[in-house]
Amino acid sequence: MGKIIKGVILGIVNVVFIWIALYLLSAEAYLVFVLLLLGALLTNVIFMLPKAYPYRYLLPAAFFLLLLVVYPIVYTVYISVTNYGTGNILNKEQVISQFEGRYALEPDSDEFVFQAYRDPQDSLWLLFTDSQGEKMLGHRGELTRLRENDPLLDQLAGYTELSRVDLVRSTNELSAQSFAYDDTHELRMRNINVFNLYLQQYSYDRERDALLEVQTGIVYTPEYGYF
């Protein structure tokens with residue numbers, strides 16, 4: 001009876017080994033696959049050979065020692081000498097999107113002081129004034145240039161103007177605002193007092209499969225998947 005129970009347990013363990021092995025093969029984790037095979041072979045030998053009986057009591061401890069102590073140490077050392085990290089596991093489209101989302105302050109940018117308002121729906125409206133006194137209204141990424149006595153100014157009068165304290169509390173929301181000023185510039189928050197014009201740092205040319213640094217004209221082409 002004892003041999004039957006031992007055989008059933010060993011069979012279940014082997015089924016688990018096979019299931020994990022198939023998964024490792026599909027994931028192309030060949031090193032772990034080989035280690036698993038060695039572990040499975042060792043487990044079967046220990047349970048099948050009478051002379052290996054004492055090692056049955058050491059096997060669980062050895063397994064958890066390898067899993068919780070040895071493997072983390074080896075893996076940490078391996079990762080420390082490779083280029084594997086969260087910044088290096090993005091696909092190409094994600095990398096291009098990140099580069100194209102970078103903006104640099106335009107050196108000769110005018111400063112735009114602003115007043116912030118909230119409408120009854122808690123939506124943010126920004127009234128910009130440049131150094132020449134011209135006004136623009138920003139809302140949901142769009143800029144509207146205002147004329148003198150523009151009806152939109154009367155509309156703002158019905159909204160709640162944010163105080164200095166409110167602006168500080170809304171810093172994250174304000175810093176996330178961006179408005180298309182022209183074909184190449186965006187109006188973005190520089191500090192709690194002003195917005196400035198920012199220029200896109202990189203532009204991707206799909207025909208040449210190259211990344212262009214807009215301000216310097218330097219062209220980056222991918223090598224082995226990296227720009």
# chains A, B, ... in the order shown; residues from 1 in each chain; ligands from 1
call {"tool": "select_by_dssp", "arguments": {"residues": "stretch 2-200 of chain A", "states": "strand (DSSP E or B)", "output": "short mmCIF file (atom, residue, chain, number, x, y, z; two decimals) with N, CA and C atoms, in the first residue's frame"}}
result
data_model
loop_
_atom_site.label_atom_id
_atom_site.label_comp_id
_atom_site.auth_asym_id
_atom_site.auth_seq_id
_atom_site.Cartn_x
_atom_site.Cartn_y
_atom_site.Cartn_z
N TYR A 103 9.70 67.45 -24.80
CA TYR A 103 9.73 68.83 -25.26
C TYR A 103 10.80 69.60 -24.50
N ALA A 104 11.44 70.54 -25.19
CA ALA A 104 12.47 71.38 -24.58
C ALA A 104 12.04 72.84 -24.66
N LEU A 105 12.44 73.61 -23.67
CA LEU A 105 12.08 75.02 -23.63
C LEU A 105 12.69 75.76 -24.81
N GLU A 111 7.13 84.85 -22.39
CA GLU A 111 6.49 84.34 -21.18
C GLU A 111 5.02 84.71 -21.20
N PHE A 112 4.19 83.75 -20.82
CA PHE A 112 2.75 83.95 -20.83
C PHE A 112 2.24 83.82 -19.39
N VAL A 113 1.89 84.96 -18.81
CA VAL A 113 1.27 84.90 -17.49
C VAL A 113 -0.15 84.38 -17.68
N PHE A 114 -0.72 83.83 -16.64
CA PHE A 114 -2.03 83.22 -16.82
C PHE A 114 -2.90 83.39 -15.59
N GLN A 115 -4.19 83.30 -15.86
CA GLN A 115 -5.20 83.22 -14.82
C GLN A 115 -5.99 81.94 -15.06
N ALA A 116 -6.29 81.24 -14.01
CA ALA A 116 -6.98 79.95 -14.13
C ALA A 116 -8.41 80.07 -13.60
N TYR A 117 -9.33 79.41 -14.30
CA TYR A 117 -10.74 79.44 -13.93
C TYR A 117 -11.29 78.01 -13.97
N ARG A 118 -12.34 77.80 -13.19
CA ARG A 118 -13.07 76.54 -13.25
C ARG A 118 -14.53 76.82 -13.55
N LEU A 124 -11.08 73.03 -16.36
CA LEU A 124 -10.10 74.10 -16.20
C LEU A 124 -10.02 74.96 -17.47
N TRP A 125 -10.03 76.28 -17.28
CA TRP A 125 -9.85 77.25 -18.36
C TRP A 125 -8.68 78.15 -17.99
N LEU A 126 -7.81 78.43 -18.95
CA LEU A 126 -6.64 79.26 -18.69
C LEU A 126 -6.63 80.47 -19.62
N LEU A 127 -6.50 81.64 -19.02
CA LEU A 127 -6.44 82.88 -19.78
C LEU A 127 -4.98 83.36 -19.79
N PHE A 128 -4.36 83.33 -20.98
CA PHE A 128 -2.95 83.69 -21.12
C PHE A 128 -2.82 85.12 -21.63
N THR A 129 -1.78 85.79 -21.16
CA THR A 129 -1.45 87.13 -21.65
C THR A 129 0.04 87.17 -21.93
N LYS A 135 -4.16 88.37 -25.60
CA LYS A 135 -4.74 87.34 -24.75
C LYS A 135 -5.16 86.12 -25.56
N MET A 136 -5.03 84.96 -24.92
CA MET A 136 -5.46 83.69 -25.51
C MET A 136 -6.15 82.88 -24.43
N LEU A 137 -7.12 82.11 -24.86
CA LEU A 137 -7.86 81.27 -23.93
C LEU A 137 -7.55 79.80 -24.22
N GLY A 138 -7.11 79.10 -23.20
CA GLY A 138 -6.76 77.69 -23.36
C GLY A 138 -7.75 76.78 -22.65
N HIS A 139 -8.20 75.76 -23.39
CA HIS A 139 -9.15 74.82 -22.80
C HIS A 139 -9.06 73.50 -23.54
N GLU A 142 -6.68 73.23 -26.58
CA GLU A 142 -6.86 74.15 -27.70
C GLU A 142 -6.71 75.60 -27.24
N LEU A 143 -6.10 76.40 -28.10
CA LEU A 143 -5.91 77.83 -27.82
C LEU A 143 -6.82 78.65 -28.72
N THR A 144 -7.44 79.65 -28.13
CA THR A 144 -8.28 80.59 -28.89
C THR A 144 -7.76 81.99 -28.66
N ARG A 145 -7.38 82.67 -29.73
CA ARG A 145 -6.90 84.05 -29.61
C ARG A 145 -8.10 84.97 -29.44
N THR A 160 -15.30 80.46 -11.74
CA THR A 160 -14.57 80.72 -10.49
C THR A 160 -13.09 80.84 -10.77
N GLU A 161 -12.52 82.01 -10.44
CA GLU A 161 -11.09 82.20 -10.65
C GLU A 161 -10.32 81.55 -9.50
N SER A 178 -1.19 71.16 -21.91
CA SER A 178 -0.38 71.58 -23.05
C SER A 178 -1.31 72.03 -24.16
N PHE A 179 -0.88 73.08 -24.87
CA PHE A 179 -1.72 73.68 -25.90
C PHE A 179 -0.89 73.89 -27.17
N ALA A 180 -1.43 73.48 -28.30
CA ALA A 180 -0.72 73.64 -29.57
C ALA A 180 -0.70 75.12 -29.95
N HIS A 185 5.41 74.29 -31.90
CA HIS A 185 5.52 74.65 -30.49
C HIS A 185 4.26 74.31 -29.71
N GLU A 186 4.48 74.05 -28.44
CA GLU A 186 3.37 73.87 -27.51
C GLU A 186 3.55 74.80 -26.33
N LEU A 187 2.43 75.25 -25.82
CA LEU A 187 2.45 76.12 -24.64
C LEU A 187 2.29 75.23 -23.41
N ARG A 188 3.31 75.26 -22.55
CA ARG A 188 3.32 74.40 -21.37
C ARG A 188 3.73 75.20 -20.13
N MET A 189 3.35 74.68 -19.00
CA MET A 189 3.66 75.35 -17.74
C MET A 189 5.15 75.24 -17.42
N VAL A 194 4.12 81.27 -14.80
CA VAL A 194 4.07 81.49 -16.25
C VAL A 194 4.06 80.17 -17.03
N PHE A 195 3.56 80.28 -18.25
CA PHE A 195 3.70 79.24 -19.26
C PHE A 195 4.71 79.73 -20.29
N ASN A 196 5.38 78.79 -20.96
CA ASN A 196 6.34 79.13 -22.01
C ASN A 196 6.12 78.25 -23.23
N LEU A 197 6.78 78.64 -24.31
CA LEU A 197 6.72 77.84 -25.53
C LEU A 197 7.78 76.74 -25.46
N TYR A 198 7.35 75.53 -25.79
CA TYR A 198 8.25 74.39 -25.80
C TYR A 198 8.28 73.78 -27.19
N LEU A 199 9.47 73.33 -27.56
CA LEU A 199 9.68 72.74 -28.88
C LEU A 199 9.86 71.24 -28.75
N GLN A 200 9.23 70.50 -29.65
CA GLN A 200 9.38 69.05 -29.63
C GLN A 200 10.85 68.68 -29.87
#
call {"tool": "residues_around", "arguments": {"residues": "A:Gln201", "least_positions_apart": "6", "cutoff": "12 Å", "atoms": "only C-alpha atoms", "output": "PyMOL selection string"}}
result
chain A and resi 96-106+184-186+211-219
call {"tool": "closest_atom_pairs", "arguments": {"of": "stretch 66-125 of chain A", "to": "stretch 15-37 of chain A", "cutoff": "12 Å", "atoms": "only C-alpha atoms", "output": "JSON lines"}}
result
{"residue": "A:Leu66", "atom": "CA", "partner": "A:Leu35", "partner_atom": "CA", "distance": 11.1}
{"residue": "A:Leu67", "atom": "CA", "partner": "A:Leu35", "partner_atom": "CA", "distance": 11.7}
{"residue": "A:Tyr71", "atom": "CA", "partner": "A:Val32", "partner_atom": "CA", "distance": 10.6}
{"residue": "A:Tyr75", "atom": "CA", "partner": "A:Val32", "partner_atom": "CA", "distance": 11.5}
call {"tool": "write_last_selection", "arguments": {"atoms": "all heavy atoms", "output": "PDB file, in the first residue's frame"}}
result
ATOM      1  N   LEU A  66      17.434  26.636  -2.543  1.00  0.00           N
ATOM      2  CA  LEU A  66      17.769  27.064  -3.901  1.00  0.00           C
ATOM      3  C   LEU A  66      16.805  28.140  -4.400  1.00  0.00           C
ATOM      4  O   LEU A  66      17.210  29.119  -5.027  1.00  0.00           O
ATOM      5  CB  LEU A  66      17.741  25.860  -4.848  1.00  0.00           C
ATOM      6  CG  LEU A  66      18.848  24.822  -4.656  1.00  0.00           C
ATOM      7  CD1 LEU A  66      18.582  23.605  -5.530  1.00  0.00           C
ATOM      8  CD2 LEU A  66      20.208  25.423  -4.992  1.00  0.00           C
ATOM      9  N   LEU A  67      15.518  27.953  -4.093  1.00  0.00           N
ATOM     10  CA  LEU A  67      14.496  28.866  -4.605  1.00  0.00           C
ATOM     11  C   LEU A  67      14.557  30.239  -3.947  1.00  0.00           C
ATOM     12  O   LEU A  67      14.442  31.270  -4.627  1.00  0.00           O
ATOM     13  CB  LEU A  67      13.106  28.250  -4.397  1.00  0.00           C
ATOM     14  CG  LEU A  67      11.913  29.078  -4.882  1.00  0.00           C
ATOM     15  CD1 LEU A  67      11.949  29.212  -6.399  1.00  0.00           C
ATOM     16  CD2 LEU A  67      10.603  28.442  -4.436  1.00  0.00           C
ATOM     17  N   TYR A  71      18.868  31.182  -5.893  1.00  0.00           N
ATOM     18  CA  TYR A  71      18.365  31.753  -7.148  1.00  0.00           C
ATOM     19  C   TYR A  71      18.311  33.283  -7.124  1.00  0.00           C
ATOM     20  O   TYR A  71      18.763  33.931  -8.083  1.00  0.00           O
ATOM     21  CB  TYR A  71      16.993  31.170  -7.471  1.00  0.00           C
ATOM     22  CG  TYR A  71      16.353  31.797  -8.689  1.00  0.00           C
ATOM     23  CD1 TYR A  71      16.806  31.489  -9.970  1.00  0.00           C
ATOM     24  CD2 TYR A  71      15.315  32.718  -8.555  1.00  0.00           C
ATOM     25  CE1 TYR A  71      16.232  32.074 -11.092  1.00  0.00           C
ATOM     26  CE2 TYR A  71      14.743  33.307  -9.668  1.00  0.00           C
ATOM     27  CZ  TYR A  71      15.200  32.984 -10.929  1.00  0.00           C
ATOM     28  OH  TYR A  71      14.636  33.573 -12.027  1.00  0.00           O
ATOM     29  N   TYR A  75      20.396  35.484  -9.765  1.00  0.00           N
ATOM     30  CA  TYR A  75      19.633  36.338 -10.682  1.00  0.00           C
ATOM     31  C   TYR A  75      20.028  37.808 -10.523  1.00  0.00           C
ATOM     32  O   TYR A  75      20.143  38.538 -11.509  1.00  0.00           O
ATOM     33  CB  TYR A  75      18.139  36.163 -10.415  1.00  0.00           C
ATOM     34  CG  TYR A  75      17.258  36.902 -11.396  1.00  0.00           C
ATOM     35  CD1 TYR A  75      17.113  36.438 -12.700  1.00  0.00           C
ATOM     36  CD2 TYR A  75      16.584  38.063 -11.023  1.00  0.00           C
ATOM     37  CE1 TYR A  75      16.311  37.105 -13.611  1.00  0.00           C
ATOM     38  CE2 TYR A  75      15.781  38.740 -11.920  1.00  0.00           C
ATOM     39  CZ  TYR A  75      15.648  38.255 -13.214  1.00  0.00           C
ATOM     40  OH  TYR A  75      14.861  38.931 -14.108  1.00  0.00           O
TER      41      TYR A  75
END
call {"tool": "atom_distance", "arguments": {"atom1": "atom CA of A:Leu174", "atom2": "atom CA of A:Tyr204"}}
result
27.6 Å
call {"tool": "closest_residue", "arguments": {"among": "A:Ile192, A:Asp110, A:Ile5, A:Tyr202", "to": "A:Asp130", "atoms": "only C-alpha atoms"}}
result
A:Asp110
call {"tool": "select_by_dssp", "arguments": {"residues": "stretch 73-181 of chain A", "states": "helix (DSSP H, G or I)", "output": "short mmCIF file (atom, residue, chain, number, x, y, z; two decimals) with C-alpha atoms, in the first residue's frame"}}
result
data_model
loop_
_atom_site.label_atom_id
_atom_site.label_comp_id
_atom_site.auth_asym_id
_atom_site.auth_seq_id
_atom_site.Cartn_x
_atom_site.Cartn_y
_atom_site.Cartn_z
CA ILE A 73 21.51 35.88 -5.54
CA VAL A 74 22.41 34.42 -8.93
CA TYR A 75 19.63 36.34 -10.68
CA THR A 76 20.65 39.63 -9.05
CA VAL A 77 24.26 39.16 -10.14
CA TYR A 78 23.10 38.30 -13.66
CA ILE A 79 20.85 41.36 -13.94
CA SER A 80 23.57 43.65 -12.61
CA THR A 86 12.42 48.64 -17.21
CA GLY A 87 13.90 51.18 -19.60
CA ASN A 88 15.10 48.52 -22.02
CA LYS A 92 9.76 50.12 -30.73
CA GLU A 93 6.46 52.00 -30.93
CA GLN A 94 6.54 52.71 -27.20
CA VAL A 95 10.08 54.07 -27.45
CA ILE A 96 9.17 56.31 -30.40
CA SER A 97 6.13 57.58 -28.54
CA GLN A 98 8.27 58.43 -25.51
CA PHE A 99 10.82 60.31 -27.61
CA GLU A 100 8.17 62.26 -29.50
CA PRO A 151 -17.59 87.38 -25.60
CA LEU A 152 -15.44 84.61 -24.16
CA LEU A 153 -14.12 87.07 -21.60
CA ASP A 154 -17.68 87.62 -20.40
CA GLN A 155 -18.08 83.86 -20.23
CA LEU A 156 -15.03 83.61 -17.96
CA ALA A 157 -16.55 86.19 -15.64
CA ARG A 164 -2.85 81.40 -5.45
CA VAL A 165 -3.56 78.64 -2.97
CA ASP A 166 -5.84 76.90 -5.48
CA LEU A 167 -3.09 77.12 -8.12
CA VAL A 168 -0.62 75.44 -5.80
CA ARG A 169 -3.12 72.69 -5.05
CA THR A 171 -0.01 72.14 -9.73
CA ASN A 172 -0.13 68.58 -11.07
CA GLU A 173 -3.19 69.32 -13.18
CA LEU A 174 -1.67 72.54 -14.51
CA SER A 175 1.66 70.93 -15.36
#
call {"tool": "residues_around", "arguments": {"residues": "stretch 7-14 of chain A", "least_positions_apart": "3", "cutoff": "10 Å", "atoms": "only C-alpha atoms", "output": "list in words"}}
result
Met1, Gly2, Lys3, Ile4, Phe17, Ile18, Trp19, Ile20, Ala40, Leu41, Thr43, Asn44, Phe47 and Met48 of chain A
call {"tool": "write_last_selection", "arguments": {"atoms": "C-alpha atoms", "output": "PDB file, in the first residue's frame"}}
result
ATOM      1  CA  MET A   1       0.000   0.000   0.000  1.00  0.00           C
ATOM      2  CA  GLY A   2       2.842   2.340   0.863  1.00  0.00           C
ATOM      3  CA  LYS A   3       4.474   1.775  -2.510  1.00  0.00           C
ATOM      4  CA  ILE A   4       1.207   2.591  -4.274  1.00  0.00           C
ATOM      5  CA  PHE A  17       7.278  18.849 -13.693  1.00  0.00           C
ATOM      6  CA  ILE A  18       6.105  18.107 -17.237  1.00  0.00           C
ATOM      7  CA  TRP A  19       3.545  20.934 -17.190  1.00  0.00           C
ATOM      8  CA  ILE A  20       6.149  23.443 -16.003  1.00  0.00           C
ATOM      9  CA  ALA A  40      13.051  16.195 -11.711  1.00  0.00           C
ATOM     10  CA  LEU A  41      15.681  13.521 -12.353  1.00  0.00           C
ATOM     11  CA  THR A  43      13.687  13.772  -7.288  1.00  0.00           C
ATOM     12  CA  ASN A  44      12.848  10.529  -9.079  1.00  0.00           C
ATOM     13  CA  PHE A  47      12.301   8.405  -4.313  1.00  0.00           C
ATOM     14  CA  MET A  48      13.025   5.269  -6.352  1.00  0.00           C
TER      15      MET A  48
END
call {"tool": "closest_residue", "arguments": {"among": "A:Lys6, A:Arg206, A:Lys51, A:Arg140", "to": "A:Gln177", "atoms": "only C-alpha atoms"}}
result
A:Arg140
call {"tool": "atom_distance", "arguments": {"atom1": "atom CA of A:Leu59", "atom2": "atom CA of A:Ile46"}}
result
8.6 Å
